[in-house]
Amino acid sequence: MKISELYQAKQNQGNPSKKTLSFEIFPPKKDSELKNIDKTLAVLCELNPDYISVTFGAGGGANRNRTIELAKRIKQEYHVEPVVHLTCLHYDKAEIDEFARVLANAGLQNVLALRGDKNPDMREKESFCHASDLIAYLKGKWDFCFLGACYPECHPESEDKVGEIRHLKAKVNAGAEVLLSQLCFDNHAFFRFQEACRIADIQAPIIPGIMPVINAAQIKRMITMCGATFPVQFQKIIQKYESNKEALFDAGMSYALSQIIDLLVSDVEGIHLYTMNNPLVARRICEGIRNIV
């Protein structure tokens, strides 16, 4: 099933109260560790997600193959629809064509199109400068559903919020049918972004991305990379509990749950949970919202 059909069916059935729940996981760095992902997948799929996205690491065929193998396992063994991340900055058209063929042959229909992070150790190629270029190139050649990333508080390289919305509009015009947001800890920032998108006539479903706080150093590093706001309440949690792993886990789960509930009662169309491959995170969140989603 194409992910866009999930949201279209919800509209057609006149059931706006039904929300989607989705997860993001990443392939292990070694092929030998692929078997260990089953524990995580077993928990995630027990929670009946609508789809699971699988990240795509830069660096060549080995990373690509692990992404594909994990996506195939999710679809064939766990009967959940996978979304395969695909970056383009370091690939030419021939490489992207080959990847698309592999996806199609594996029966994988859903692609999260991304530019990819700049890497000084890898040569940038000139075929695709933006995710919108990738979508436009593949749209007429393959029958995929394209999802796009969005940044409620602007991509770190954006000149301003107006430019951010303009680039997102180009991505949607190129063919992105569903938008998954970068991690966001400030719901007010997400709501402002959502309103700006609707004013710009971006009508695709916009799904907020939530990452529970369970590791202070990791979260600080990711916030620095993506530019997300560090709300005062969030800062207090980190400051008070960063040296107490168990307390930070509990406080982080509570913060994420309150954030998710606020989003759901404000009629977002779904929640995308960044699990960091931690099944305990997914289970705790889902137990807290089981009767709400």
# chains A, B, ... in the order shown; residues from 1 in each chain; ligands from 1

$ select_by_dssp --residues "region 91-120 of chain A" --states "helix (DSSP H, G or I)" --output "VMD selection string"
chain A and resid 93 to 105

$ select_by_dssp --residues "region 63-261 of chain A" --states "strand (DSSP E or B)" --output "MDAnalysis selection string"
chainID A and resid 81:87 110:114 145:150 176:183 206:210

$ write_last_selection --atoms "N, CA, C and O atoms" --output "tab-separated table (two decimals), in the first residue's frame"
chain	number	residue	atom	x	y	z
A	81	GLU	N	3.94	-1.85	6.31
A	81	GLU	CA	4.44	-1.14	5.13
A	81	GLU	C	5.71	-0.36	5.49
A	81	GLU	O	5.71	0.45	6.41
A	82	PRO	N	6.81	-0.60	4.77
A	82	PRO	CA	8.03	0.18	5.02
A	82	PRO	C	8.11	1.42	4.13
A	82	PRO	O	7.56	1.44	3.03
A	83	VAL	N	8.80	2.42	4.63
A	83	VAL	CA	9.15	3.60	3.84
A	83	VAL	C	10.68	3.64	3.79
A	83	VAL	O	11.34	3.68	4.84
A	84	VAL	N	11.23	3.63	2.60
A	84	VAL	CA	12.68	3.58	2.43
A	84	VAL	C	13.22	5.00	2.23
A	84	VAL	O	12.80	5.71	1.31
A	85	HIS	N	14.12	5.42	3.10
A	85	HIS	CA	14.79	6.71	2.91
A	85	HIS	C	15.72	6.61	1.69
A	85	HIS	O	16.39	5.59	1.50
A	86	LEU	N	15.79	7.66	0.92
A	86	LEU	CA	16.70	7.70	-0.22
A	86	LEU	C	17.32	9.08	-0.32
A	86	LEU	O	16.62	10.07	-0.52
A	87	THR	N	18.63	9.17	-0.13
A	87	THR	CA	19.35	10.43	-0.28
A	87	THR	C	19.91	10.53	-1.70
A	87	THR	O	20.06	9.52	-2.39
A	110	ASN	N	7.19	2.90	-1.25
A	110	ASN	CA	7.19	4.18	-0.55
A	110	ASN	C	8.61	4.68	-0.29
A	110	ASN	O	9.42	3.96	0.29
A	111	VAL	N	8.88	5.90	-0.73
A	111	VAL	CA	10.22	6.47	-0.66
A	111	VAL	C	10.18	7.83	0.04
A	111	VAL	O	9.40	8.71	-0.36
A	112	LEU	N	10.98	7.97	1.08
A	112	LEU	CA	11.19	9.29	1.69
A	112	LEU	C	12.39	9.92	1.00
A	112	LEU	O	13.53	9.50	1.20
A	113	ALA	N	12.12	10.89	0.14
A	113	ALA	CA	13.16	11.51	-0.67
A	113	ALA	C	13.87	12.59	0.13
A	113	ALA	O	13.25	13.51	0.65
A	114	LEU	N	15.21	12.49	0.21
A	114	LEU	CA	16.02	13.40	1.00
A	114	LEU	C	17.23	13.85	0.20
A	114	LEU	O	17.76	13.09	-0.61
A	145	CYS	N	5.20	6.11	-4.13
A	145	CYS	CA	4.64	7.21	-3.33
A	145	CYS	C	5.82	7.92	-2.69
A	145	CYS	O	6.63	7.29	-2.00
A	146	PHE	N	5.92	9.22	-2.92
A	146	PHE	CA	7.04	9.99	-2.38
A	146	PHE	C	6.62	10.76	-1.14
A	146	PHE	O	5.62	11.48	-1.14
A	147	LEU	N	7.39	10.57	-0.08
A	147	LEU	CA	7.24	11.37	1.12
A	147	LEU	C	8.39	12.37	1.16
A	147	LEU	O	9.45	12.14	0.54
A	148	GLY	N	8.19	13.48	1.85
A	148	GLY	CA	9.23	14.49	1.95
A	148	GLY	C	9.46	14.88	3.40
A	148	GLY	O	8.57	14.75	4.24
A	149	ALA	N	10.65	15.34	3.68
A	149	ALA	CA	10.97	15.84	5.02
A	149	ALA	C	10.59	17.31	5.11
A	149	ALA	O	10.63	18.05	4.11
A	150	CYS	N	10.20	17.74	6.30
A	150	CYS	CA	9.94	19.17	6.52
A	150	CYS	C	10.53	19.56	7.87
A	150	CYS	O	10.79	18.72	8.73
A	176	ALA	N	5.83	15.23	-3.72
A	176	ALA	CA	5.78	14.72	-2.35
A	176	ALA	C	4.33	14.76	-1.86
A	176	ALA	O	3.69	15.80	-1.89
A	177	GLU	N	3.83	13.60	-1.42
A	177	GLU	CA	2.42	13.49	-1.05
A	177	GLU	C	2.17	13.49	0.45
A	177	GLU	O	1.05	13.71	0.90
A	178	VAL	N	3.20	13.20	1.23
A	178	VAL	CA	3.11	13.19	2.69
A	178	VAL	C	4.40	13.81	3.21
A	178	VAL	O	5.48	13.57	2.66
A	179	LEU	N	4.30	14.62	4.28
A	179	LEU	CA	5.47	15.29	4.84
A	179	LEU	C	5.71	14.81	6.26
A	179	LEU	O	4.81	14.84	7.10
A	180	LEU	N	6.92	14.34	6.52
A	180	LEU	CA	7.34	13.93	7.87
A	180	LEU	C	8.27	14.99	8.43
A	180	LEU	O	9.24	15.36	7.79
A	181	SER	N	7.98	15.44	9.63
A	181	SER	CA	8.78	16.54	10.17
A	181	SER	C	10.04	16.04	10.88
A	181	SER	O	10.08	14.94	11.43
A	182	GLN	N	11.05	16.90	10.83
A	182	GLN	CA	12.24	16.71	11.65
A	182	GLN	C	11.80	16.72	13.10
A	182	GLN	O	10.72	17.23	13.45
A	183	LEU	N	12.62	16.15	13.99
A	183	LEU	CA	12.24	16.12	15.40
A	183	LEU	C	11.96	17.52	15.90
A	183	LEU	O	12.62	18.50	15.52
A	206	ILE	N	0.89	16.68	7.17
A	206	ILE	CA	2.14	17.06	7.83
A	206	ILE	C	2.20	16.33	9.16
A	206	ILE	O	1.42	16.61	10.07
A	207	ILE	N	3.11	15.38	9.27
A	207	ILE	CA	3.16	14.50	10.44
A	207	ILE	C	4.33	14.90	11.33
A	207	ILE	O	5.49	14.85	10.90
A	208	PRO	N	4.07	15.31	12.57
A	208	PRO	CA	5.16	15.73	13.45
A	208	PRO	C	6.04	14.57	13.88
A	208	PRO	O	5.55	13.46	14.16
A	209	GLY	N	7.34	14.82	13.94
A	209	GLY	CA	8.30	13.81	14.38
A	209	GLY	C	8.67	14.03	15.84
A	209	GLY	O	9.08	15.13	16.22
A	210	ILE	N	8.52	13.00	16.65
A	210	ILE	CA	8.78	13.09	18.09
A	210	ILE	C	9.92	12.14	18.47
A	210	ILE	O	9.92	10.97	18.10

$ residues_around --residues "region 240-257 of chain A" --least-positions-apart "4" --cutoff "8 Å" --atoms "only C-alpha atoms" --output "JSON, numbers by chain"
{"A": [210, 211, 212, 213, 214, 215, 216, 234, 236, 261, 281, 284, 285, 288, 289]}

$ residues_around --residues "Thr40 (chain A)" --least-positions-apart "3" --cutoff "7 Å" --atoms "only C-alpha atoms" --output "PyMOL selection string"
chain A and resi 37+43-44+277-279

$ closest_residue --among "A:Gln203, A:His90, A:Ile135, A:Cys226" --to "Glu157 (chain A)" --atoms "only C-alpha atoms"
A:Cys226

$ residues_around --residues "Gly227 (chain A)" --least-positions-apart "6" --cutoff "9 Å" --atoms "only C-alpha atoms" --output "number ranges by chain"
A: 153-156

$ residues_around --residues "region 16-26 of chain A" --least-positions-apart "2" --cutoff "8 Å" --atoms "only C-alpha atoms" --output "list in words"
Lys10, Gln11, Gly14, Pro28, Leu44, Pro49, Asp50, Tyr51, Ile52, Ser53, Val54, Thr55, Phe56, Thr67, Leu264, Asp267, Val268, Glu269, Gly270, Ile271, His272, Leu273, Tyr274, Thr275, Met276, Asn277 and Val293 of chain A

$ atom_distance --atom1 "CA of Ile96 (chain A)" --atom2 "CA of Met122 (chain A)"
16.4 Å

$ closest_residue --among "A:Gln218, A:Ser127, A:Thr224, A:Asn119" --to "Ala94 (chain A)" --atoms "only C-alpha atoms"
A:Ser127

$ closest_residue --among "A:Leu103, A:Ala196, A:Ser258, A:His167" --to "Asn65 (chain A)" --atoms "only C-alpha atoms"
A:Leu103

$ residues_around --residues "Gly107 (chain A)" --least-positions-apart "4" --cutoff "9 Å" --atoms "only C-alpha atoms" --output "list in words"
Lys72, Lys75, Val102 and Leu103 of chain A

$ decode --residues "region 169-183 of chain A" --atoms "all heavy atoms" --output "PDB file, in the first residue's frame"
ATOM      1  N   LYS A 169       7.252  23.990  -0.690  1.00  0.00           N
ATOM      2  CA  LYS A 169       6.219  24.045  -1.736  1.00  0.00           C
ATOM      3  C   LYS A 169       6.744  23.423  -3.025  1.00  0.00           C
ATOM      4  O   LYS A 169       6.023  22.678  -3.713  1.00  0.00           O
ATOM      5  CB  LYS A 169       5.825  25.502  -1.968  1.00  0.00           C
ATOM      6  CG  LYS A 169       4.785  25.726  -3.061  1.00  0.00           C
ATOM      7  CD  LYS A 169       3.401  25.332  -2.624  1.00  0.00           C
ATOM      8  CE  LYS A 169       2.365  25.800  -3.623  1.00  0.00           C
ATOM      9  NZ  LYS A 169       1.007  25.348  -3.282  1.00  0.00           N
ATOM     10  N   ALA A 170       7.996  23.697  -3.375  1.00  0.00           N
ATOM     11  CA  ALA A 170       8.602  23.102  -4.571  1.00  0.00           C
ATOM     12  C   ALA A 170       8.669  21.588  -4.445  1.00  0.00           C
ATOM     13  O   ALA A 170       8.458  20.856  -5.428  1.00  0.00           O
ATOM     14  CB  ALA A 170       9.994  23.683  -4.795  1.00  0.00           C
ATOM     15  N   LYS A 171       8.939  21.108  -3.246  1.00  0.00           N
ATOM     16  CA  LYS A 171       9.017  19.666  -3.016  1.00  0.00           C
ATOM     17  C   LYS A 171       7.646  19.018  -3.221  1.00  0.00           C
ATOM     18  O   LYS A 171       7.527  17.951  -3.840  1.00  0.00           O
ATOM     19  CB  LYS A 171       9.534  19.410  -1.598  1.00  0.00           C
ATOM     20  CG  LYS A 171       9.942  17.982  -1.318  1.00  0.00           C
ATOM     21  CD  LYS A 171      10.416  17.804   0.121  1.00  0.00           C
ATOM     22  CE  LYS A 171      11.647  18.638   0.439  1.00  0.00           C
ATOM     23  NZ  LYS A 171      12.179  18.340   1.801  1.00  0.00           N
ATOM     24  N   VAL A 172       6.616  19.663  -2.693  1.00  0.00           N
ATOM     25  CA  VAL A 172       5.260  19.139  -2.858  1.00  0.00           C
ATOM     26  C   VAL A 172       4.831  19.217  -4.319  1.00  0.00           C
ATOM     27  O   VAL A 172       4.233  18.279  -4.858  1.00  0.00           O
ATOM     28  CB  VAL A 172       4.282  19.904  -1.945  1.00  0.00           C
ATOM     29  CG1 VAL A 172       2.836  19.528  -2.254  1.00  0.00           C
ATOM     30  CG2 VAL A 172       4.599  19.626  -0.479  1.00  0.00           C
ATOM     31  N   ASN A 173       5.145  20.314  -4.975  1.00  0.00           N
ATOM     32  CA  ASN A 173       4.795  20.452  -6.392  1.00  0.00           C
ATOM     33  C   ASN A 173       5.501  19.397  -7.243  1.00  0.00           C
ATOM     34  O   ASN A 173       4.978  18.965  -8.282  1.00  0.00           O
ATOM     35  CB  ASN A 173       5.148  21.851  -6.892  1.00  0.00           C
ATOM     36  CG  ASN A 173       4.217  22.917  -6.357  1.00  0.00           C
ATOM     37  OD1 ASN A 173       3.143  22.606  -5.830  1.00  0.00           O
ATOM     38  ND2 ASN A 173       4.621  24.180  -6.459  1.00  0.00           N
ATOM     39  N   ALA A 174       6.683  18.974  -6.809  1.00  0.00           N
ATOM     40  CA  ALA A 174       7.420  17.951  -7.551  1.00  0.00           C
ATOM     41  C   ALA A 174       6.785  16.574  -7.389  1.00  0.00           C
ATOM     42  O   ALA A 174       7.008  15.686  -8.221  1.00  0.00           O
ATOM     43  CB  ALA A 174       8.872  17.907  -7.089  1.00  0.00           C
ATOM     44  N   GLY A 175       6.003  16.389  -6.283  1.00  0.00           N
ATOM     45  CA  GLY A 175       5.326  15.114  -6.120  1.00  0.00           C
ATOM     46  C   GLY A 175       5.324  14.520  -4.726  1.00  0.00           C
ATOM     47  O   GLY A 175       4.836  13.404  -4.532  1.00  0.00           O
ATOM     48  N   ALA A 176       5.832  15.225  -3.722  1.00  0.00           N
ATOM     49  CA  ALA A 176       5.780  14.715  -2.353  1.00  0.00           C
ATOM     50  C   ALA A 176       4.335  14.759  -1.858  1.00  0.00           C
ATOM     51  O   ALA A 176       3.694  15.804  -1.886  1.00  0.00           O
ATOM     52  CB  ALA A 176       6.667  15.547  -1.437  1.00  0.00           C
ATOM     53  N   GLU A 177       3.830  13.602  -1.415  1.00  0.00           N
ATOM     54  CA  GLU A 177       2.417  13.492  -1.051  1.00  0.00           C
ATOM     55  C   GLU A 177       2.173  13.486   0.448  1.00  0.00           C
ATOM     56  O   GLU A 177       1.048  13.706   0.905  1.00  0.00           O
ATOM     57  CB  GLU A 177       1.830  12.221  -1.661  1.00  0.00           C
ATOM     58  CG  GLU A 177       1.890  12.180  -3.177  1.00  0.00           C
ATOM     59  CD  GLU A 177       1.316  10.894  -3.735  1.00  0.00           C
ATOM     60  OE1 GLU A 177       0.086  10.762  -3.800  1.00  0.00           O
ATOM     61  OE2 GLU A 177       2.128  10.007  -4.095  1.00  0.00           O
ATOM     62  N   VAL A 178       3.196  13.196   1.231  1.00  0.00           N
ATOM     63  CA  VAL A 178       3.113  13.191   2.690  1.00  0.00           C
ATOM     64  C   VAL A 178       4.400  13.810   3.212  1.00  0.00           C
ATOM     65  O   VAL A 178       5.480  13.572   2.664  1.00  0.00           O
ATOM     66  CB  VAL A 178       2.963  11.756   3.247  1.00  0.00           C
ATOM     67  CG1 VAL A 178       2.941  11.758   4.771  1.00  0.00           C
ATOM     68  CG2 VAL A 178       1.704  11.083   2.703  1.00  0.00           C
ATOM     69  N   LEU A 179       4.301  14.618   4.275  1.00  0.00           N
ATOM     70  CA  LEU A 179       5.466  15.292   4.837  1.00  0.00           C
ATOM     71  C   LEU A 179       5.706  14.807   6.265  1.00  0.00           C
ATOM     72  O   LEU A 179       4.807  14.838   7.098  1.00  0.00           O
ATOM     73  CB  LEU A 179       5.257  16.809   4.831  1.00  0.00           C
ATOM     74  CG  LEU A 179       5.019  17.434   3.448  1.00  0.00           C
ATOM     75  CD1 LEU A 179       4.653  18.910   3.589  1.00  0.00           C
ATOM     76  CD2 LEU A 179       6.238  17.263   2.558  1.00  0.00           C
ATOM     77  N   LEU A 180       6.924  14.344   6.523  1.00  0.00           N
ATOM     78  CA  LEU A 180       7.335  13.927   7.866  1.00  0.00           C
ATOM     79  C   LEU A 180       8.266  14.986   8.429  1.00  0.00           C
ATOM     80  O   LEU A 180       9.243  15.356   7.786  1.00  0.00           O
ATOM     81  CB  LEU A 180       8.056  12.577   7.820  1.00  0.00           C
ATOM     82  CG  LEU A 180       7.270  11.385   7.270  1.00  0.00           C
ATOM     83  CD1 LEU A 180       8.134  10.120   7.333  1.00  0.00           C
ATOM     84  CD2 LEU A 180       5.970  11.173   8.028  1.00  0.00           C
ATOM     85  N   SER A 181       7.982  15.436   9.634  1.00  0.00           N
ATOM     86  CA  SER A 181       8.778  16.541  10.173  1.00  0.00           C
ATOM     87  C   SER A 181      10.040  16.041  10.876  1.00  0.00           C
ATOM     88  O   SER A 181      10.078  14.938  11.426  1.00  0.00           O
ATOM     89  CB  SER A 181       7.951  17.395  11.135  1.00  0.00           C
ATOM     90  OG  SER A 181       8.123  17.004  12.476  1.00  0.00           O
ATOM     91  N   GLN A 182      11.054  16.896  10.827  1.00  0.00           N
ATOM     92  CA  GLN A 182      12.243  16.705  11.649  1.00  0.00           C
ATOM     93  C   GLN A 182      11.802  16.721  13.104  1.00  0.00           C
ATOM     94  O   GLN A 182      10.723  17.225  13.445  1.00  0.00           O
ATOM     95  CB  GLN A 182      13.240  17.830  11.358  1.00  0.00           C
ATOM     96  CG  GLN A 182      14.506  17.820  12.173  1.00  0.00           C
ATOM     97  CD  GLN A 182      15.300  16.543  11.983  1.00  0.00           C
ATOM     98  OE1 GLN A 182      15.041  15.579  12.690  1.00  0.00           O
ATOM     99  NE2 GLN A 182      16.241  16.527  11.055  1.00  0.00           N
ATOM    100  N   LEU A 183      12.620  16.147  13.994  1.00  0.00           N
ATOM    101  CA  LEU A 183      12.241  16.117  15.401  1.00  0.00           C
ATOM    102  C   LEU A 183      11.958  17.523  15.904  1.00  0.00           C
ATOM    103  O   LEU A 183      12.617  18.497  15.521  1.00  0.00           O
ATOM    104  CB  LEU A 183      13.314  15.426  16.236  1.00  0.00           C
ATOM    105  CG  LEU A 183      14.735  16.009  16.248  1.00  0.00           C
ATOM    106  CD1 LEU A 183      14.896  17.035  17.355  1.00  0.00           C
ATOM    107  CD2 LEU A 183      15.753  14.902  16.399  1.00  0.00           C
TER     108      LEU A 183
END
